[in-house]
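*Asks:* protein_1.cif is the file, holding mmCIF, C-alpha atoms, pLDDT in the B column; chains and numbers go by the auth columns:
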```cif
data_upload
#
loop_
_atom_site.group_PDB
_atom_site.id
_atom_site.type_symbol
_atom_site.label_atom_id
_atom_site.label_comp_id
_atom_site.label_asym_id
_atom_site.label_seq_id
_atom_site.Cartn_x
_atom_site.Cartn_y
_atom_site.Cartn_z
_atom_site.B_iso_or_equiv
_atom_site.auth_seq_id
_atom_site.auth_asym_id
ATOM 1 C CA MET A 1 11.286 -17.124 -25.253 59.00 1 W
ATOM 2 C CA ASP A 2 13.926 -17.095 -22.550 84.00 2 W
ATOM 3 C CA VAL A 3 16.894 -14.806 -23.045 90.00 3 W
ATOM 4 C CA LEU A 4 20.084 -16.716 -22.309 96.00 4 W
ATOM 5 C CA PRO A 5 23.649 -15.662 -21.495 97.00 5 W
ATOM 6 C CA LEU A 6 25.835 -15.378 -24.598 97.00 6 W
ATOM 7 C CA LEU A 7 29.400 -16.097 -25.525 96.00 7 W
ATOM 8 C CA VAL A 8 29.971 -13.841 -28.535 97.00 8 W
ATOM 9 C CA VAL A 9 32.871 -14.497 -30.893 93.00 9 W
ATOM 10 C CA GLU A 10 33.650 -12.134 -33.760 93.00 10 W
ATOM 11 C CA LEU A 11 35.979 -13.306 -36.507 88.00 11 W
ATOM 12 C CA GLY A 12 37.582 -12.257 -39.743 84.00 12 W
ATOM 13 C CA VAL A 13 37.933 -14.780 -42.558 83.00 13 W
ATOM 14 C CA PRO A 14 41.077 -16.946 -42.545 79.00 14 W
ATOM 15 C CA ALA A 15 43.387 -16.848 -45.555 73.00 15 W
ATOM 16 C CA ALA A 16 42.823 -20.589 -46.182 74.00 16 W
ATOM 17 C CA GLY A 17 39.461 -20.047 -47.908 87.00 17 W
ATOM 18 C CA GLU A 18 36.063 -18.862 -46.787 90.00 18 W
ATOM 19 C CA GLU A 19 33.953 -21.695 -48.214 92.00 19 W
ATOM 20 C CA ALA A 20 36.047 -24.474 -46.624 92.00 20 W
ATOM 21 C CA TRP A 21 36.213 -22.521 -43.363 91.00 21 W
ATOM 22 C CA ASN A 22 32.427 -22.114 -43.195 93.00 22 W
ATOM 23 C CA ARG A 23 31.938 -25.811 -43.962 93.00 23 W
ATOM 24 C CA TRP A 24 34.370 -26.748 -41.156 92.00 24 W
ATOM 25 C CA TYR A 25 32.711 -24.298 -38.777 92.00 25 W
ATOM 26 C CA HIS A 26 29.219 -25.715 -39.444 95.00 26 W
ATOM 27 C CA GLU A 27 30.055 -29.410 -39.784 95.00 27 W
ATOM 28 C CA GLU A 28 32.809 -29.812 -37.187 92.00 28 W
ATOM 29 C CA HIS A 29 33.310 -26.883 -34.834 92.00 29 W
ATOM 30 C CA ILE A 30 29.720 -26.048 -33.866 94.00 30 W
ATOM 31 C CA PRO A 31 28.706 -29.707 -33.345 96.00 31 W
ATOM 32 C CA ASP A 32 31.816 -30.183 -31.179 92.00 32 W
ATOM 33 C CA VAL A 33 30.962 -27.119 -29.058 93.00 33 W
ATOM 34 C CA LEU A 34 27.381 -28.342 -28.580 96.00 34 W
ATOM 35 C CA ARG A 35 28.588 -31.815 -27.654 95.00 35 W
ATOM 36 C CA SER A 36 31.505 -30.960 -25.379 93.00 36 W
ATOM 37 C CA VAL A 37 30.898 -27.599 -23.665 94.00 37 W
ATOM 38 C CA ASP A 38 28.864 -27.873 -20.491 95.00 38 W
ATOM 39 C CA GLY A 39 25.874 -25.557 -20.547 96.00 39 W
ATOM 40 C CA VAL A 40 25.736 -24.620 -24.243 97.00 40 W
ATOM 41 C CA VAL A 41 22.182 -24.990 -25.526 97.00 41 W
ATOM 42 C CA ARG A 42 22.356 -23.308 -28.941 97.00 42 W
ATOM 43 C CA SER A 43 24.890 -21.862 -31.351 97.00 43 W
ATOM 44 C CA ARG A 44 24.110 -19.402 -34.115 97.00 44 W
ATOM 45 C CA ARG A 45 26.327 -17.804 -36.743 97.00 45 W
ATOM 46 C CA TYR A 46 25.838 -14.569 -38.602 96.00 46 W
ATOM 47 C CA ARG A 47 27.539 -12.979 -41.600 94.00 47 W
ATOM 48 C CA LEU A 48 27.745 -9.212 -42.019 93.00 48 W
ATOM 49 C CA VAL A 49 25.433 -8.042 -44.808 94.00 49 W
ATOM 50 C CA ALA A 50 25.306 -4.274 -44.307 94.00 50 W
ATOM 51 C CA GLY A 51 27.519 -1.669 -42.697 91.00 51 W
ATOM 52 C CA GLN A 52 31.229 -1.745 -42.150 85.00 52 W
ATOM 53 C CA ASP A 53 33.058 -3.736 -39.511 85.00 53 W
ATOM 54 C CA GLN A 54 36.431 -5.386 -39.228 85.00 54 W
ATOM 55 C CA TYR A 55 34.676 -8.652 -38.327 89.00 55 W
ATOM 56 C CA LYS A 56 32.730 -10.391 -41.081 90.00 56 W
ATOM 57 C CA TYR A 57 31.355 -13.210 -38.901 93.00 57 W
ATOM 58 C CA LEU A 58 29.600 -13.288 -35.551 95.00 58 W
ATOM 59 C CA VAL A 59 28.934 -16.395 -33.455 96.00 59 W
ATOM 60 C CA HIS A 60 26.520 -16.620 -30.510 96.00 60 W
ATOM 61 C CA HIS A 61 26.824 -19.576 -28.172 97.00 61 W
ATOM 62 C CA GLU A 62 23.858 -19.490 -25.781 97.00 62 W
ATOM 63 C CA PHE A 63 24.388 -20.929 -22.285 97.00 63 W
ATOM 64 C CA GLU A 64 21.834 -22.238 -19.811 97.00 64 W
ATOM 65 C CA SER A 65 23.290 -20.116 -16.979 96.00 65 W
ATOM 66 C CA VAL A 66 25.701 -17.257 -16.331 96.00 66 W
ATOM 67 C CA GLU A 67 27.689 -19.551 -14.025 96.00 67 W
ATOM 68 C CA LYS A 68 28.316 -22.095 -16.791 96.00 68 W
ATOM 69 C CA LEU A 69 29.207 -19.321 -19.240 96.00 69 W
ATOM 70 C CA ARG A 70 31.711 -17.811 -16.800 94.00 70 W
ATOM 71 C CA ALA A 71 33.202 -21.218 -16.019 94.00 71 W
ATOM 72 C CA TYR A 72 33.764 -21.918 -19.711 93.00 72 W
ATOM 73 C CA HIS A 73 34.982 -18.407 -20.586 90.00 73 W
ATOM 74 C CA GLY A 74 37.745 -18.646 -17.991 85.00 74 W
ATOM 75 C CA SER A 75 38.661 -22.275 -18.651 86.00 75 W
ATOM 76 C CA THR A 76 41.575 -24.017 -20.304 83.00 76 W
ATOM 77 C CA GLN A 77 39.016 -25.745 -22.555 85.00 77 W
ATOM 78 C CA VAL A 78 38.270 -22.488 -24.378 80.00 78 W
ATOM 79 C CA GLU A 79 41.981 -21.817 -24.857 77.00 79 W
ATOM 80 C CA GLY A 80 42.435 -25.333 -26.231 77.00 80 W
ATOM 81 C CA ARG A 81 39.873 -24.560 -28.913 80.00 81 W
ATOM 82 C CA TRP A 82 42.073 -21.734 -30.192 77.00 82 W
ATOM 83 C CA GLY A 83 44.945 -24.219 -30.467 78.00 83 W
ATOM 84 C CA ASP A 84 42.728 -26.478 -32.572 79.00 84 W
ATOM 85 C CA TYR A 85 41.665 -23.515 -34.676 82.00 85 W
ATOM 86 C CA GLU A 86 45.257 -22.403 -35.196 83.00 86 W
ATOM 87 C CA ARG A 87 46.364 -25.877 -36.333 84.00 87 W
ATOM 88 C CA GLN A 88 43.523 -25.994 -38.855 84.00 88 W
ATOM 89 C CA TRP A 89 43.395 -22.393 -40.116 84.00 89 W
ATOM 90 C CA GLY A 90 46.239 -20.397 -38.579 81.00 90 W
ATOM 91 C CA LEU A 91 45.510 -17.715 -36.041 74.00 91 W
ATOM 92 C CA PRO A 92 42.726 -15.388 -37.152 69.00 92 W
ATOM 93 C CA ALA A 93 44.021 -11.943 -37.990 64.00 93 W
ATOM 94 C CA LEU A 94 41.015 -10.440 -36.259 78.00 94 W
ATOM 95 C CA TRP A 95 38.937 -11.923 -33.477 84.00 95 W
ATOM 96 C CA GLN A 96 37.444 -11.183 -30.121 89.00 96 W
ATOM 97 C CA ARG A 97 35.520 -13.216 -27.562 90.00 97 W
ATOM 98 C CA ARG A 98 33.181 -11.678 -24.998 94.00 98 W
ATOM 99 C CA ALA A 99 30.613 -12.976 -22.516 96.00 99 W
ATOM 100 C CA PHE A 100 27.263 -11.286 -21.883 97.00 100 W
ATOM 101 C CA GLU A 101 24.504 -11.853 -19.363 96.00 101 W
ATOM 102 C CA PRO A 102 20.936 -10.804 -20.161 96.00 102 W
ATOM 103 C CA ILE A 103 19.633 -7.758 -18.343 95.00 103 W
ATOM 104 C CA TYR A 104 16.459 -6.879 -20.255 93.00 104 W
ATOM 105 C CA SER A 105 14.094 -8.325 -22.818 92.00 105 W
ATOM 106 C CA GLN A 106 10.881 -7.044 -24.396 90.00 106 W
ATOM 107 C CA GLU A 107 8.693 -8.619 -27.008 88.00 107 W
ATOM 108 C CA ARG A 108 5.936 -7.237 -29.113 90.00 108 W
#
```
Would you write out, as structure tokens, the structure that this file holds?

*Replies:*
Amino acid sequence: MDVLPLLVVELGVPAAGEEAWNRWYHEEHIPDVLRSVDGVVRSRRYRLVAGQDQYKYLVHHEFESVEKLRAYHGSTQVEGRWGDYERQWGLPALWQRRAFEPIYSQER
């Protein structure tokens, strides 16, 4: 399995309601990212199940290349998504977005 560059987004839960937010994230937001962001090949979401962290949710958007990840991370398109998010849910109290390139992989 190839290891791909990642855009990692960590989020708290908006005050509007976790169930509706997750439904929107899965049915609208992720399909829109996959359809409209150049270079995204897969998106995965995770929910914290053990340990303590200020972020309950983690999103991985996998990109086909570091160049496409960097282009998106620094683009106005990514900032526009936060405007869409804010209109729908308000600004998240907690969030961070970071970009990672693979440097090592080992499999069993």

*Asks:* Let me make sure I understand: among W:Trp95, W:Tyr72, W:Phe63, W:Tyr85, which one has the smallest atom-to-atom distance to Val3 of chain W if we use all atoms listed in the file?

*Replies:*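 Looking only at the distances to Val3 of chain W, the closest residue turns out to be W:Phe63.
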
*Asks:* Residues near Phe100 of chain W, anyone? I mean within 7 Å using all atoms listed in the file, not counting same-chain ones fewer than 6 positions away, as a list in words.

*Replies:*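 Close residues of Phe100 of chain W: Pro5, Leu6 and Leu7 of chain W.
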
*Asks:* For the selection just defined, write its residues with C-alpha atoms to a file, as a PDB file, in the coordinates of the input.

*Replies:*
```
ATOM      1  CA  PRO W   5      23.649 -15.662 -21.495  1.00 97.00           C
ATOM      2  CA  LEU W   6      25.835 -15.378 -24.598  1.00 97.00           C
ATOM      3  CA  LEU W   7      29.400 -16.097 -25.525  1.00 96.00           C
TER       4      LEU W   7
END
```

*Asks:* Between atom CA of Leu94 of chain W and atom CA of Leu11 of chain W, measure the distance and give it in Å to one decimal.

*Replies:*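 Separation between atom CA of Leu94 of chain W and atom CA of Leu11 of chain W: 5.8 Å.
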
*Asks:* Got a sec to check which residues sit within 12 Å of (25.9, -12.6, -28.7), counting only C-alpha atoms, and write them as a ChimeraX atom specification?

*Replies:* /W:3-10,42-46,57-63,96-102

*Asks:* Between W:Glu67, W:Trp89, W:Gln106, W:Ala50, single out the one closest to Gly17 of chain W, counting all atoms listed in the file.

*Replies:*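 The shortest atom-to-atom distance to Gly17 of chain W comes from W:Trp89.
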
*Asks:* To one decimal place in Å, what is the distance between atom CA of Tyr55 of chain W and atom CA of Gly12 of chain W?

*Replies:*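 Those two atoms sit 4.8 Å apart.
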
*Asks:* What is the distance between atom CA of Ser105 of chain W and atom CA of Val66 of chain W, in Å to one decimal?

*Replies:*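 Spanning atom CA of Ser105 of chain W to atom CA of Val66 of chain W is a straight-line distance of 16.0 Å.
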
*Asks:* Atoms are missing here; could segment 44-79 of chain W be completed with N, CA and C atoms and written as a PDB file, in the coordinates of the input?

*Replies:*
```
ATOM      1  N   ARG W  44      24.581 -20.051 -32.896  1.00 97.00           N
ATOM      2  CA  ARG W  44      24.110 -19.402 -34.115  1.00 97.00           C
ATOM      3  C   ARG W  44      25.255 -18.611 -34.715  1.00 97.00           C
ATOM      4  N   ARG W  45      25.307 -18.588 -36.038  1.00 97.00           N
ATOM      5  CA  ARG W  45      26.327 -17.804 -36.743  1.00 97.00           C
ATOM      6  C   ARG W  45      25.651 -16.781 -37.625  1.00 97.00           C
ATOM      7  N   TYR W  46      26.337 -15.666 -37.779  1.00 96.00           N
ATOM      8  CA  TYR W  46      25.838 -14.569 -38.602  1.00 96.00           C
ATOM      9  C   TYR W  46      26.974 -14.064 -39.485  1.00 96.00           C
ATOM     10  N   ARG W  47      26.586 -13.601 -40.684  1.00 94.00           N
ATOM     11  CA  ARG W  47      27.539 -12.979 -41.600  1.00 94.00           C
ATOM     12  C   ARG W  47      27.094 -11.533 -41.820  1.00 94.00           C
ATOM     13  N   LEU W  48      28.019 -10.625 -41.805  1.00 93.00           N
ATOM     14  CA  LEU W  48      27.745  -9.212 -42.019  1.00 93.00           C
ATOM     15  C   LEU W  48      27.173  -8.997 -43.419  1.00 93.00           C
ATOM     16  N   VAL W  49      26.047  -8.312 -43.506  1.00 94.00           N
ATOM     17  CA  VAL W  49      25.433  -8.042 -44.808  1.00 94.00           C
ATOM     18  C   VAL W  49      25.289  -6.549 -45.102  1.00 94.00           C
ATOM     19  N   ALA W  50      25.419  -5.714 -44.094  1.00 94.00           N
ATOM     20  CA  ALA W  50      25.306  -4.274 -44.307  1.00 94.00           C
ATOM     21  C   ALA W  50      26.141  -3.563 -43.254  1.00 94.00           C
ATOM     22  N   GLY W  51      26.674  -2.414 -43.618  1.00 91.00           N
ATOM     23  CA  GLY W  51      27.519  -1.669 -42.697  1.00 91.00           C
ATOM     24  C   GLY W  51      28.967  -2.102 -42.836  1.00 91.00           C
ATOM     25  N   GLN W  52      29.803  -1.435 -42.096  1.00 85.00           N
ATOM     26  CA  GLN W  52      31.229  -1.745 -42.150  1.00 85.00           C
ATOM     27  C   GLN W  52      31.714  -2.170 -40.781  1.00 85.00           C
ATOM     28  N   ASP W  53      32.484  -3.228 -40.753  1.00 85.00           N
ATOM     29  CA  ASP W  53      33.058  -3.736 -39.511  1.00 85.00           C
ATOM     30  C   ASP W  53      34.301  -4.527 -39.875  1.00 85.00           C
ATOM     31  N   GLN W  54      35.226  -4.592 -38.973  1.00 85.00           N
ATOM     32  CA  GLN W  54      36.431  -5.386 -39.228  1.00 85.00           C
ATOM     33  C   GLN W  54      36.155  -6.881 -39.106  1.00 85.00           C
ATOM     34  N   TYR W  55      35.044  -7.241 -38.490  1.00 89.00           N
ATOM     35  CA  TYR W  55      34.676  -8.652 -38.327  1.00 89.00           C
ATOM     36  C   TYR W  55      33.541  -8.992 -39.282  1.00 89.00           C
ATOM     37  N   LYS W  56      33.749  -9.998 -40.109  1.00 90.00           N
ATOM     38  CA  LYS W  56      32.730 -10.391 -41.081  1.00 90.00           C
ATOM     39  C   LYS W  56      31.749 -11.399 -40.487  1.00 90.00           C
ATOM     40  N   TYR W  57      32.185 -12.162 -39.477  1.00 93.00           N
ATOM     41  CA  TYR W  57      31.355 -13.210 -38.901  1.00 93.00           C
ATOM     42  C   TYR W  57      31.165 -13.007 -37.411  1.00 93.00           C
ATOM     43  N   LEU W  58      29.973 -13.383 -36.952  1.00 95.00           N
ATOM     44  CA  LEU W  58      29.600 -13.288 -35.551  1.00 95.00           C
ATOM     45  C   LEU W  58      29.014 -14.630 -35.133  1.00 95.00           C
ATOM     46  N   VAL W  59      29.444 -15.134 -33.991  1.00 96.00           N
ATOM     47  CA  VAL W  59      28.934 -16.395 -33.455  1.00 96.00           C
ATOM     48  C   VAL W  59      28.338 -16.121 -32.081  1.00 96.00           C
ATOM     49  N   HIS W  60      27.144 -16.662 -31.833  1.00 96.00           N
ATOM     50  CA  HIS W  60      26.520 -16.620 -30.510  1.00 96.00           C
ATOM     51  C   HIS W  60      26.415 -18.044 -29.999  1.00 96.00           C
ATOM     52  N   HIS W  61      27.041 -18.316 -28.874  1.00 97.00           N
ATOM     53  CA  HIS W  61      26.824 -19.576 -28.172  1.00 97.00           C
ATOM     54  C   HIS W  61      25.979 -19.225 -26.955  1.00 97.00           C
ATOM     55  N   GLU W  62      24.770 -19.775 -26.886  1.00 97.00           N
ATOM     56  CA  GLU W  62      23.858 -19.490 -25.781  1.00 97.00           C
ATOM     57  C   GLU W  62      24.049 -20.538 -24.684  1.00 97.00           C
ATOM     58  N   PHE W  63      24.156 -20.062 -23.442  1.00 97.00           N
ATOM     59  CA  PHE W  63      24.388 -20.929 -22.285  1.00 97.00           C
ATOM     60  C   PHE W  63      23.154 -20.971 -21.396  1.00 97.00           C
ATOM     61  N   GLU W  64      22.994 -22.081 -20.695  1.00 97.00           N
ATOM     62  CA  GLU W  64      21.834 -22.238 -19.811  1.00 97.00           C
ATOM     63  C   GLU W  64      21.935 -21.390 -18.552  1.00 97.00           C
ATOM     64  N   SER W  65      23.145 -20.962 -18.174  1.00 96.00           N
ATOM     65  CA  SER W  65      23.290 -20.116 -16.979  1.00 96.00           C
ATOM     66  C   SER W  65      24.544 -19.254 -17.095  1.00 96.00           C
ATOM     67  N   VAL W  66      24.538 -18.136 -16.379  1.00 96.00           N
ATOM     68  CA  VAL W  66      25.701 -17.257 -16.331  1.00 96.00           C
ATOM     69  C   VAL W  66      26.880 -17.994 -15.696  1.00 96.00           C
ATOM     70  N   GLU W  67      26.613 -18.810 -14.702  1.00 96.00           N
ATOM     71  CA  GLU W  67      27.689 -19.551 -14.025  1.00 96.00           C
ATOM     72  C   GLU W  67      28.419 -20.477 -14.990  1.00 96.00           C
ATOM     73  N   LYS W  68      27.668 -21.189 -15.827  1.00 96.00           N
ATOM     74  CA  LYS W  68      28.316 -22.095 -16.791  1.00 96.00           C
ATOM     75  C   LYS W  68      29.060 -21.313 -17.870  1.00 96.00           C
ATOM     76  N   LEU W  69      28.514 -20.183 -18.275  1.00 96.00           N
ATOM     77  CA  LEU W  69      29.207 -19.321 -19.240  1.00 96.00           C
ATOM     78  C   LEU W  69      30.525 -18.821 -18.653  1.00 96.00           C
ATOM     79  N   ARG W  70      30.487 -18.308 -17.440  1.00 94.00           N
ATOM     80  CA  ARG W  70      31.711 -17.811 -16.800  1.00 94.00           C
ATOM     81  C   ARG W  70      32.736 -18.909 -16.611  1.00 94.00           C
ATOM     82  N   ALA W  71      32.283 -20.087 -16.215  1.00 94.00           N
ATOM     83  CA  ALA W  71      33.202 -21.218 -16.019  1.00 94.00           C
ATOM     84  C   ALA W  71      33.905 -21.565 -17.325  1.00 94.00           C
ATOM     85  N   TYR W  72      33.159 -21.597 -18.423  1.00 93.00           N
ATOM     86  CA  TYR W  72      33.764 -21.918 -19.711  1.00 93.00           C
ATOM     87  C   TYR W  72      34.677 -20.796 -20.197  1.00 93.00           C
ATOM     88  N   HIS W  73      34.220 -19.557 -20.083  1.00 90.00           N
ATOM     89  CA  HIS W  73      34.982 -18.407 -20.586  1.00 90.00           C
ATOM     90  C   HIS W  73      36.355 -18.330 -19.935  1.00 90.00           C
ATOM     91  N   GLY W  74      36.467 -18.704 -18.686  1.00 85.00           N
ATOM     92  CA  GLY W  74      37.745 -18.646 -17.991  1.00 85.00           C
ATOM     93  C   GLY W  74      38.498 -19.965 -17.947  1.00 85.00           C
ATOM     94  N   SER W  75      38.092 -20.924 -18.742  1.00 86.00           N
ATOM     95  CA  SER W  75      38.661 -22.275 -18.651  1.00 86.00           C
ATOM     96  C   SER W  75      39.801 -22.522 -19.633  1.00 86.00           C
ATOM     97  N   THR W  76      40.538 -23.583 -19.361  1.00 83.00           N
ATOM     98  CA  THR W  76      41.575 -24.017 -20.304  1.00 83.00           C
ATOM     99  C   THR W  76      40.934 -24.653 -21.542  1.00 83.00           C
ATOM    100  N   GLN W  77      39.699 -25.138 -21.413  1.00 85.00           N
ATOM    101  CA  GLN W  77      39.016 -25.745 -22.555  1.00 85.00           C
ATOM    102  C   GLN W  77      38.841 -24.727 -23.680  1.00 85.00           C
ATOM    103  N   VAL W  78      38.460 -23.499 -23.337  1.00 80.00           N
ATOM    104  CA  VAL W  78      38.270 -22.488 -24.378  1.00 80.00           C
ATOM    105  C   VAL W  78      39.603 -22.131 -25.036  1.00 80.00           C
ATOM    106  N   GLU W  79      40.660 -22.093 -24.274  1.00 77.00           N
ATOM    107  CA  GLU W  79      41.981 -21.817 -24.857  1.00 77.00           C
ATOM    108  C   GLU W  79      42.429 -22.958 -25.758  1.00 77.00           C
TER     109      GLU W  79
END
```
